[in-house]
Amino acid sequence: MKKELYGLLFLLFAFLSPLYAQTVLQNNNQDIELLGIPYYEDKTNNLSLKEVQAKKFVVHEGQVASFGFTKSRYWFKILIDSKESASVNNWWLNISYPLLDKLDLYVCDENNQLLSVKSSGKARPFNTREAKSRYFLFRLDTSKKQILYLSVNTQSSMQVPMSIQSSQSLISSDQYLLVLAGLYYGIFIVIFFYNLSSFLYTRKRTYFLYLVFISSFGVYQLSLDGLGIRFFWSANLWMVEHGNGTMMGIMILAIIMFSREFLKIKEFSPYLDKLLLFMAIGMSVVAGFAIFRPYGDVILYLAGTSVVLPPILVLAGIISYRKKFYPARFYILGWGFFLGGSVLFAMNKFAVIEGYSFLSYSQQIGSALEMIFLSWALADSQKQSY
């Protein structure tokens with residue numbers, strides 16, 4: 001009986017006929033990943049809670065609620081049944097995608113009467129969050145039956161991975177993820193200073209461009225996984241609103257210019273060099289716009305380029321290698337890994353393929369391998385020059 005008293009039973013459903021749909025999950029004192037959540041798409045972006053409560057919710061089929069890039073406001077509906085959880089009050093609703101702009105949680109009683117409203121999101125001051133986390137956490141009162149309405153509005157990809165976690169579980173999982181993040185960024189730091197020393201010794205432009213690429217990619221990744229706003233720039237409004245897009249633009253521009261020079265594309269394939277130069281000019285314009293324009297105005301260009309560019313760079317590497325520029329073999333391997341990770345990542349953000357946990361880290365895995373192989377390529381190139 002004691003174990004049952006500490007269980008947590010959540011019913012996920014759209015309330016009242018003909019809106020009714022439900023999924024029953026038994027917690028048994030463990031975390032729950034919320035799947036098959038009823039949702040409603042507000043295309044007008046201005047419906048009130050009362051108006052939404054009268055709408056027909058549909059069940060999202062799939063692993064994680066994912067709708068790609070959209071200007072719509074999405075509402076999700078969750079019923080908390082307190083029969084198994086009267087004595088449990090240390091549970092949280094965790095939305096683990098750090099780029100969502102605005103989230104509002106409307107807590108209603110079992111008769112659909114509003115009890116309270118909680119707000120969070122990247123576009124709102126960090127110090128107003130209910131918990132100082134890179135994710136969006138809402139404390140749940142599981143002592144009574146409630147209906148939760150979560151509204152989400154964002155310029156980034158509409159991905160809303162939700163789970164129910166205890167305080168102990170949140171602390172444990174956060175410590176584990178921070179260790180992995182430390183290893184990942186540790187690789188960046190070692191590679192950066194290794195290539196910085198090489199640049200100071202050789203003064204070659206390829207090293208400088210590679211350093212710009214590493215630096216901008218590192219800051220972009222900090223923004224993407226929420227660690228930047230959590231530890232570095234929570235009070236810097238420009239970084240919160242424009243940092244992700246600007247760093248991504250600089251990163252793409254730097255790797256194009258680096259590749260043109262390192263692979264000697266102008267010498268080996270003038271037509272491909274002109275294409276890369278055209279893309280570089282276009283990306284410099286997009287990066288300039290990202291400095292002062294909203295993230296939603298540039299993200300489609302940035303995300304689209306991140307899918308198109310890697311295959312072109314792999315082709316450039318193959319051409320250089322066939323022209324007997326042998327350091328290109330490491331370049332090809334590096335971009336091969338990054339290509340795979342980036343394409344999976346981008347397709348996931350556009351809601352073409354499902355899966356969140358692995359796919360959200362696919363670009364990180366590919367980028368870490370890419371940085372290592374590009375450093376080997378530079379070192380091999382430097383060795384051949386002597």
# chains A, B, ... in the order shown; residues from 1 in each chain; ligands from 1
>>> residues_around(residues="region 294-301 of chain A", least_positions_apart="3", cutoff="10 Å", atoms="only C-alpha atoms", output="PyMOL selection string")
chain A and resi 69-71+154-157+240-246+248-249+282-283+286-287+289-291+304-306+350
>>> write_last_selection(atoms="N, CA and C atoms", output="PDB file, in the first residue's frame")
ATOM      1  N   PHE A  69       9.065  24.229 -38.062  1.00  0.00           N
ATOM      2  CA  PHE A  69       9.032  25.680 -37.906  1.00  0.00           C
ATOM      3  C   PHE A  69       7.626  26.183 -38.236  1.00  0.00           C
ATOM      4  N   THR A  70       7.021  26.878 -37.308  1.00  0.00           N
ATOM      5  CA  THR A  70       5.651  27.344 -37.448  1.00  0.00           C
ATOM      6  C   THR A  70       5.437  28.623 -36.656  1.00  0.00           C
ATOM      7  N   LYS A  71       4.502  29.433 -37.115  1.00  0.00           N
ATOM      8  CA  LYS A  71       4.144  30.658 -36.392  1.00  0.00           C
ATOM      9  C   LYS A  71       2.924  30.447 -35.513  1.00  0.00           C
ATOM     10  N   THR A 154       6.974  29.981 -30.328  1.00  0.00           N
ATOM     11  CA  THR A 154       8.418  30.116 -30.503  1.00  0.00           C
ATOM     12  C   THR A 154       8.783  30.390 -31.955  1.00  0.00           C
ATOM     13  N   GLN A 155       9.937  31.033 -32.147  1.00  0.00           N
ATOM     14  CA  GLN A 155      10.483  31.248 -33.489  1.00  0.00           C
ATOM     15  C   GLN A 155      11.365  30.077 -33.917  1.00  0.00           C
ATOM     16  N   SER A 156      11.807  29.279 -32.954  1.00  0.00           N
ATOM     17  CA  SER A 156      12.626  28.110 -33.261  1.00  0.00           C
ATOM     18  C   SER A 156      11.713  26.953 -33.659  1.00  0.00           C
ATOM     19  N   SER A 157      12.292  25.794 -33.861  1.00  0.00           N
ATOM     20  CA  SER A 157      11.493  24.619 -34.189  1.00  0.00           C
ATOM     21  C   SER A 157      10.536  24.292 -33.050  1.00  0.00           C
ATOM     22  N   VAL A 240      20.600  36.550 -25.893  1.00  0.00           N
ATOM     23  CA  VAL A 240      19.419  35.693 -25.786  1.00  0.00           C
ATOM     24  C   VAL A 240      18.610  35.719 -27.072  1.00  0.00           C
ATOM     25  N   GLU A 241      18.434  36.918 -27.658  1.00  0.00           N
ATOM     26  CA  GLU A 241      17.567  37.076 -28.816  1.00  0.00           C
ATOM     27  C   GLU A 241      18.283  36.838 -30.149  1.00  0.00           C
ATOM     28  N   HIS A 242      19.568  37.213 -30.226  1.00  0.00           N
ATOM     29  CA  HIS A 242      20.255  37.195 -31.518  1.00  0.00           C
ATOM     30  C   HIS A 242      21.513  36.323 -31.556  1.00  0.00           C
ATOM     31  N   GLY A 243      21.994  35.909 -30.409  1.00  0.00           N
ATOM     32  CA  GLY A 243      23.267  35.193 -30.353  1.00  0.00           C
ATOM     33  C   GLY A 243      23.275  33.908 -31.165  1.00  0.00           C
ATOM     34  N   ASN A 244      22.196  33.129 -31.064  1.00  0.00           N
ATOM     35  CA  ASN A 244      22.154  31.835 -31.750  1.00  0.00           C
ATOM     36  C   ASN A 244      22.256  32.007 -33.267  1.00  0.00           C
ATOM     37  N   GLY A 245      21.440  32.892 -33.818  1.00  0.00           N
ATOM     38  CA  GLY A 245      21.452  33.105 -35.260  1.00  0.00           C
ATOM     39  C   GLY A 245      22.745  33.733 -35.755  1.00  0.00           C
ATOM     40  N   THR A 246      23.270  34.718 -35.000  1.00  0.00           N
ATOM     41  CA  THR A 246      24.497  35.397 -35.413  1.00  0.00           C
ATOM     42  C   THR A 246      25.686  34.449 -35.396  1.00  0.00           C
ATOM     43  N   MET A 248      25.658  31.215 -35.605  1.00  0.00           N
ATOM     44  CA  MET A 248      25.496  30.204 -36.644  1.00  0.00           C
ATOM     45  C   MET A 248      25.901  30.752 -38.010  1.00  0.00           C
ATOM     46  N   GLY A 249      25.542  32.016 -38.276  1.00  0.00           N
ATOM     47  CA  GLY A 249      25.925  32.640 -39.530  1.00  0.00           C
ATOM     48  C   GLY A 249      27.432  32.810 -39.663  1.00  0.00           C
ATOM     49  N   GLY A 282      26.295  35.343 -49.593  1.00  0.00           N
ATOM     50  CA  GLY A 282      24.924  35.248 -49.101  1.00  0.00           C
ATOM     51  C   GLY A 282      24.861  35.062 -47.598  1.00  0.00           C
ATOM     52  N   MET A 283      25.771  34.224 -47.067  1.00  0.00           N
ATOM     53  CA  MET A 283      25.759  33.975 -45.632  1.00  0.00           C
ATOM     54  C   MET A 283      26.223  35.201 -44.850  1.00  0.00           C
ATOM     55  N   VAL A 286      23.147  37.226 -44.449  1.00  0.00           N
ATOM     56  CA  VAL A 286      22.247  36.629 -43.456  1.00  0.00           C
ATOM     57  C   VAL A 286      22.789  36.848 -42.038  1.00  0.00           C
ATOM     58  N   ALA A 287      24.094  36.655 -41.855  1.00  0.00           N
ATOM     59  CA  ALA A 287      24.701  36.875 -40.536  1.00  0.00           C
ATOM     60  C   ALA A 287      24.559  38.328 -40.103  1.00  0.00           C
ATOM     61  N   PHE A 289      22.073  40.367 -41.002  1.00  0.00           N
ATOM     62  CA  PHE A 289      20.676  40.534 -40.609  1.00  0.00           C
ATOM     63  C   PHE A 289      20.415  39.944 -39.223  1.00  0.00           C
ATOM     64  N   ALA A 290      21.078  38.805 -38.925  1.00  0.00           N
ATOM     65  CA  ALA A 290      20.852  38.125 -37.643  1.00  0.00           C
ATOM     66  C   ALA A 290      21.260  38.980 -36.455  1.00  0.00           C
ATOM     67  N   ILE A 291      22.129  39.954 -36.671  1.00  0.00           N
ATOM     68  CA  ILE A 291      22.594  40.812 -35.579  1.00  0.00           C
ATOM     69  C   ILE A 291      21.452  41.635 -34.999  1.00  0.00           C
ATOM     70  N   GLY A 304      18.537  25.737 -43.623  1.00  0.00           N
ATOM     71  CA  GLY A 304      18.611  25.204 -44.978  1.00  0.00           C
ATOM     72  C   GLY A 304      20.042  25.098 -45.478  1.00  0.00           C
ATOM     73  N   THR A 305      20.849  26.140 -45.202  1.00  0.00           N
ATOM     74  CA  THR A 305      22.261  26.119 -45.610  1.00  0.00           C
ATOM     75  C   THR A 305      23.026  25.025 -44.885  1.00  0.00           C
ATOM     76  N   SER A 306      22.694  24.798 -43.608  1.00  0.00           N
ATOM     77  CA  SER A 306      23.394  23.767 -42.845  1.00  0.00           C
ATOM     78  C   SER A 306      23.126  22.367 -43.379  1.00  0.00           C
ATOM     79  N   PHE A 350      13.022  20.091 -38.632  1.00  0.00           N
ATOM     80  CA  PHE A 350      11.968  20.341 -39.607  1.00  0.00           C
ATOM     81  C   PHE A 350      10.829  19.328 -39.474  1.00  0.00           C
TER      82      PHE A 350
END
>>> select_by_dssp(residues="region 122-202 of chain A", states="helix (DSSP H, G or I)", output="VMD selection string")
chain A and resid 126 to 128 167 to 202
>>> residues_around(residues="Val212 (chain A)", least_positions_apart="3", cutoff="12 Å", atoms="only C-alpha atoms", output="PyMOL selection string")
chain A and resi 192+195-196+199+205-209+215-219+247-258
>>> residues_around(residues="Arg73 (chain A)", least_positions_apart="5", cutoff="6 Å", atoms="only C-alpha atoms", output="list in words")
Asp42, Asn45, Val152 and Asn153 of chain A
>>> closest_residue(among="A:Asp101, A:Ala303, A:Pro311, A:Ile319", to="Glu267 (chain A)", atoms="only C-alpha atoms")
A:Ile319
>>> closest_residue(among="A:Leu99, A:Leu315, A:Ala377, A:Val58", to="Met158 (chain A)", atoms="only C-alpha atoms")
A:Leu99
